[in-house]
Amino acid sequence: MSGLRRLIASSLMDLCAAVLPTVKDEWLRAMRAEAAHIGDQHAMVFAAGCLLACFKERLRYMSKIPAAARYGMVAGMVLCAVFAARSAMHMRGEQELTAAIFGGVAASYALAAMWSILKGGRGLIEAALTLLALNLAAAVWLFSGNATEISAFNGQLISAVAFEGVVIWVVVLGFSFLFARIPRLPARPNNSRTSQDKPTFG
Amino acid sequence: MPRRPHSSVQAAKLFAALAARPHAWQHGYDLLRQTGLASGTLYPLLMRLHEAGYLRARWEEPVMPARTPRHSYRLTASGAAFARALLAGREMHSRHGLREKLA
């Protein structure tokens, strides 16, 4: 069991290496070294926390998105807002609830675009994370069959909108991940890596 | 009003642990146990404080049976001054709150 915990801890630390910007290489080594020193029982939880720390750090750098990429994503949000608002306006009568939801979706895209313009890259990441969480919660709620008062057609439509929202915000975060100006350490010659770079576990 | 940087409850716990032994080099896991913080909170804080010049970090040679060096930390002079001010401020704030509650 402890061997399995070590293996998971080691895998989590390898994931940390993929997530943490290389400019923070020394901190990765620090976390790896600490994980190697602590008992099997705690190593897995420690490593999971380290992975969270690496994501936090990555998110911090992700806010340094070039203006062209940021405004491109803002334009995409405005388009989504216009599309959702137009759909809301075309719905009548029994689709009132769906129209209201589409209106809310349009407002959320518009607010996210505005927040991204006002607050820069950090605003874009905040908006994307908030709306991803909201859409995910809505999708889970709808797919678990809680919305019994909504007709089948509207239920499917709203589920699709929530699912689409999840995809859109994951894509926005993915682009931010790719486009972020993350400083890199100068490349080291291969033979300069020492055993200190990756402490062994156990 | 914007919050003063490095003044969160978690930062105060870390400053308190580091300031309690100002001349000792402490490892990440020791700080984790002293503060009760999770590694996902502790390491970003350590990075921030190091960037701000409040923290010194160094590699320590392994002591048997350990096989690899460990990173250890202690406050710089400016970090110690910041910690004193922060912890005094928090203590005054909590005393003031207690007095208001008792009144």
# chains A, B, ... in the order shown; residues from 1 in each chain; ligands from 1
$ interface_residues --of "chain B" --to "chain A" --cutoff "10 Å" --atoms "only C-alpha atoms" --output "list in words"
His27, Gly28, Tyr29, Asp30, Leu32, Ala38, Ser39, Gly40, Thr41, Leu42, Tyr43, Pro44, Leu45, Leu46, Met47, Arg48, Ala57, Arg58, Trp59, Pro65, Ala66, Arg67, Thr68, Pro69, Arg70, His71 and Ser72 of chain B
$ write_last_selection --atoms "C-alpha atoms" --output "mmCIF file, in the first residue's frame"
data_model
loop_
_atom_site.group_PDB
_atom_site.id
_atom_site.type_symbol
_atom_site.label_atom_id
_atom_site.label_comp_id
_atom_site.auth_asym_id
_atom_site.auth_seq_id
_atom_site.Cartn_x
_atom_site.Cartn_y
_atom_site.Cartn_z
ATOM 1 C CA HIS B 27 12.093 22.917 6.170
ATOM 2 C CA GLY B 28 8.819 23.100 4.252
ATOM 3 C CA TYR B 29 7.329 20.100 6.032
ATOM 4 C CA ASP B 30 8.228 21.499 9.484
ATOM 5 C CA LEU B 32 3.531 22.770 7.296
ATOM 6 C CA ALA B 38 -1.651 22.525 3.336
ATOM 7 C CA SER B 39 1.273 22.275 0.917
ATOM 8 C CA GLY B 40 -0.962 23.821 -1.755
ATOM 9 C CA THR B 41 -1.152 26.984 0.362
ATOM 10 C CA LEU B 42 2.297 26.937 1.926
ATOM 11 C CA TYR B 43 4.462 26.759 -1.208
ATOM 12 C CA PRO B 44 2.777 29.607 -3.132
ATOM 13 C CA LEU B 45 3.167 31.686 0.044
ATOM 14 C CA LEU B 46 6.840 30.774 0.374
ATOM 15 C CA MET B 47 7.375 31.719 -3.278
ATOM 16 C CA ARG B 48 5.628 35.073 -2.800
ATOM 17 C CA ALA B 57 16.035 29.962 1.046
ATOM 18 C CA ARG B 58 18.990 27.605 0.874
ATOM 19 C CA TRP B 59 19.799 24.000 0.101
ATOM 20 C CA PRO B 65 19.589 8.451 6.398
ATOM 21 C CA ALA B 66 18.364 11.125 3.977
ATOM 22 C CA ARG B 67 19.928 10.940 0.541
ATOM 23 C CA THR B 68 18.984 14.247 -1.019
ATOM 24 C CA PRO B 69 19.415 17.907 -0.034
ATOM 25 C CA ARG B 70 16.438 19.807 1.371
ATOM 26 C CA HIS B 71 15.323 23.369 0.880
ATOM 27 C CA SER B 72 15.123 25.379 4.080
#
$ residues_around --residues "Met73 in chain A" --least-positions-apart "2" --cutoff "9 Å" --atoms "only C-alpha atoms" --output "mmCIF file with N, CA and C atoms, in the first residue's frame"
data_model
loop_
_atom_site.group_PDB
_atom_site.id
_atom_site.type_symbol
_atom_site.label_atom_id
_atom_site.label_comp_id
_atom_site.auth_asym_id
_atom_site.auth_seq_id
_atom_site.Cartn_x
_atom_site.Cartn_y
_atom_site.Cartn_z
ATOM 1 N N ALA A 68 -3.075 40.807 -28.016
ATOM 2 C CA ALA A 68 -3.780 40.351 -29.230
ATOM 3 C C ALA A 68 -4.605 39.094 -28.920
ATOM 4 N N ALA A 69 -4.011 38.154 -28.189
ATOM 5 C CA ALA A 69 -4.726 36.907 -27.849
ATOM 6 C C ALA A 69 -5.902 37.219 -26.925
ATOM 7 N N ARG A 70 -5.658 38.136 -25.977
ATOM 8 C CA ARG A 70 -6.730 38.476 -25.016
ATOM 9 C C ARG A 70 -7.907 39.121 -25.755
ATOM 10 N N TYR A 71 -7.602 40.086 -26.638
ATOM 11 C CA TYR A 71 -8.695 40.753 -27.330
ATOM 12 C C TYR A 71 -9.389 39.804 -28.313
ATOM 13 N N ALA A 75 -13.314 39.155 -28.204
ATOM 14 C CA ALA A 75 -14.190 39.223 -29.389
ATOM 15 C C ALA A 75 -15.066 37.961 -29.467
ATOM 16 N N GLY A 76 -14.466 36.816 -29.154
ATOM 17 C CA GLY A 76 -15.225 35.555 -29.139
ATOM 18 C C GLY A 76 -16.347 35.605 -28.111
ATOM 19 N N MET A 77 -16.057 36.171 -26.953
ATOM 20 C CA MET A 77 -17.081 36.282 -25.896
ATOM 21 C C MET A 77 -18.220 37.191 -26.342
ATOM 22 N N VAL A 78 -17.864 38.301 -26.999
ATOM 23 C CA VAL A 78 -18.898 39.245 -27.472
ATOM 24 C C VAL A 78 -19.794 38.536 -28.495
ATOM 25 N N ALA A 113 -16.521 39.535 -20.906
ATOM 26 C CA ALA A 113 -15.757 40.332 -21.872
ATOM 27 C C ALA A 113 -15.364 41.668 -21.257
ATOM 28 N N LEU A 124 -9.542 38.071 -17.248
ATOM 29 C CA LEU A 124 -9.977 37.014 -18.169
ATOM 30 C C LEU A 124 -9.923 35.644 -17.477
ATOM 31 N N VAL A 172 -11.041 28.669 -23.536
ATOM 32 C CA VAL A 172 -10.452 29.976 -23.177
ATOM 33 C C VAL A 172 -9.259 29.763 -22.237
ATOM 34 N N PHE A 175 -6.357 28.249 -24.181
ATOM 35 C CA PHE A 175 -5.644 29.255 -24.977
ATOM 36 C C PHE A 175 -4.764 30.112 -24.073
#
$ select_by_dssp --residues "chain B" --states "strand (DSSP E)" --output "list in words"
Gln26, His27, Leu55, Arg56, Ala57, Arg58, Trp59, Glu60, Arg70, His71, Ser72, Tyr73, Arg74 and Leu75 of chain B
$ write_last_selection --atoms "N, CA and C atoms" --output "mmCIF file, in the first residue's frame"
data_model
loop_
_atom_site.group_PDB
_atom_site.id
_atom_site.type_symbol
_atom_site.label_atom_id
_atom_site.label_comp_id
_atom_site.auth_asym_id
_atom_site.auth_seq_id
_atom_site.Cartn_x
_atom_site.Cartn_y
_atom_site.Cartn_z
ATOM 1 N N GLN B 26 14.315 26.439 8.578
ATOM 2 C CA GLN B 26 13.232 25.460 8.740
ATOM 3 C C GLN B 26 12.811 24.882 7.386
ATOM 4 N N HIS B 27 12.502 23.593 7.412
ATOM 5 C CA HIS B 27 12.093 22.917 6.170
ATOM 6 C C HIS B 27 10.603 23.133 5.897
ATOM 7 N N LEU B 55 12.069 36.426 2.647
ATOM 8 C CA LEU B 55 12.459 35.062 3.001
ATOM 9 C C LEU B 55 13.768 34.700 2.298
ATOM 10 N N ARG B 56 14.628 34.007 3.059
ATOM 11 C CA ARG B 56 15.841 33.464 2.435
ATOM 12 C C ARG B 56 15.647 31.965 2.314
ATOM 13 N N ALA B 57 16.139 31.410 1.242
ATOM 14 C CA ALA B 57 16.035 29.962 1.046
ATOM 15 C C ALA B 57 17.418 29.422 0.731
ATOM 16 N N ARG B 58 17.704 28.228 1.211
ATOM 17 C CA ARG B 58 18.990 27.605 0.874
ATOM 18 C C ARG B 58 18.835 26.087 0.829
ATOM 19 N N TRP B 59 19.779 25.461 0.161
ATOM 20 C CA TRP B 59 19.799 24.000 0.101
ATOM 21 C C TRP B 59 20.677 23.492 1.217
ATOM 22 N N GLU B 60 20.161 22.502 1.951
ATOM 23 C CA GLU B 60 20.942 21.911 3.041
ATOM 24 C C GLU B 60 21.415 20.533 2.639
ATOM 25 N N ARG B 70 17.778 19.229 1.149
ATOM 26 C CA ARG B 70 16.438 19.807 1.371
ATOM 27 C C ARG B 70 16.522 21.318 1.323
ATOM 28 N N HIS B 71 15.424 21.911 0.929
ATOM 29 C CA HIS B 71 15.323 23.369 0.880
ATOM 30 C C HIS B 71 14.896 23.841 2.256
ATOM 31 N N SER B 72 15.545 24.858 2.769
ATOM 32 C CA SER B 72 15.123 25.379 4.080
ATOM 33 C C SER B 72 15.009 26.902 4.013
ATOM 34 N N TYR B 73 14.289 27.422 4.975
ATOM 35 C CA TYR B 73 13.875 28.825 4.901
ATOM 36 C C TYR B 73 14.055 29.539 6.235
ATOM 37 N N ARG B 74 14.336 30.834 6.145
ATOM 38 C CA ARG B 74 14.258 31.689 7.323
ATOM 39 C C ARG B 74 14.005 33.130 6.876
ATOM 40 N N LEU B 75 13.557 33.958 7.818
ATOM 41 C CA LEU B 75 13.197 35.333 7.466
ATOM 42 C C LEU B 75 14.449 36.177 7.255
#
$ select_by_dssp --residues "chain A" --states "helix (DSSP H, G or I)" --output "NGL selection string"
:A and (2-19 or 22-37 or 40-62 or 67-90 or 93-143 or 152-179 or 190-192)
$ closest_residue --among "A:Leu20, A:Trp141, A:Gly39, A:Ile101" --to "Leu59 in chain A" --atoms "only C-alpha atoms"
A:Leu20
$ residues_around --residues "Ala107 in chain A" --least-positions-apart "3" --cutoff "9 Å" --atoms "only C-alpha atoms" --output "number ranges by chain"
A: 81, 84-85, 102-104, 110-112
$ atom_distance --atom1 "CA of Ser10 in chain A" --atom2 "CA of Arg58 in chain A"
19.8 Å
$ residues_around --residues "Gly53 in chain B" --least-positions-apart "6" --cutoff "8 Å" --atoms "only C-alpha atoms" --output "number ranges by chain"
B: 76, 78-79
$ atom_distance --atom1 "CA of Ser63 in chain A" --atom2 "CA of Gln10 in chain B"
23.3 Å
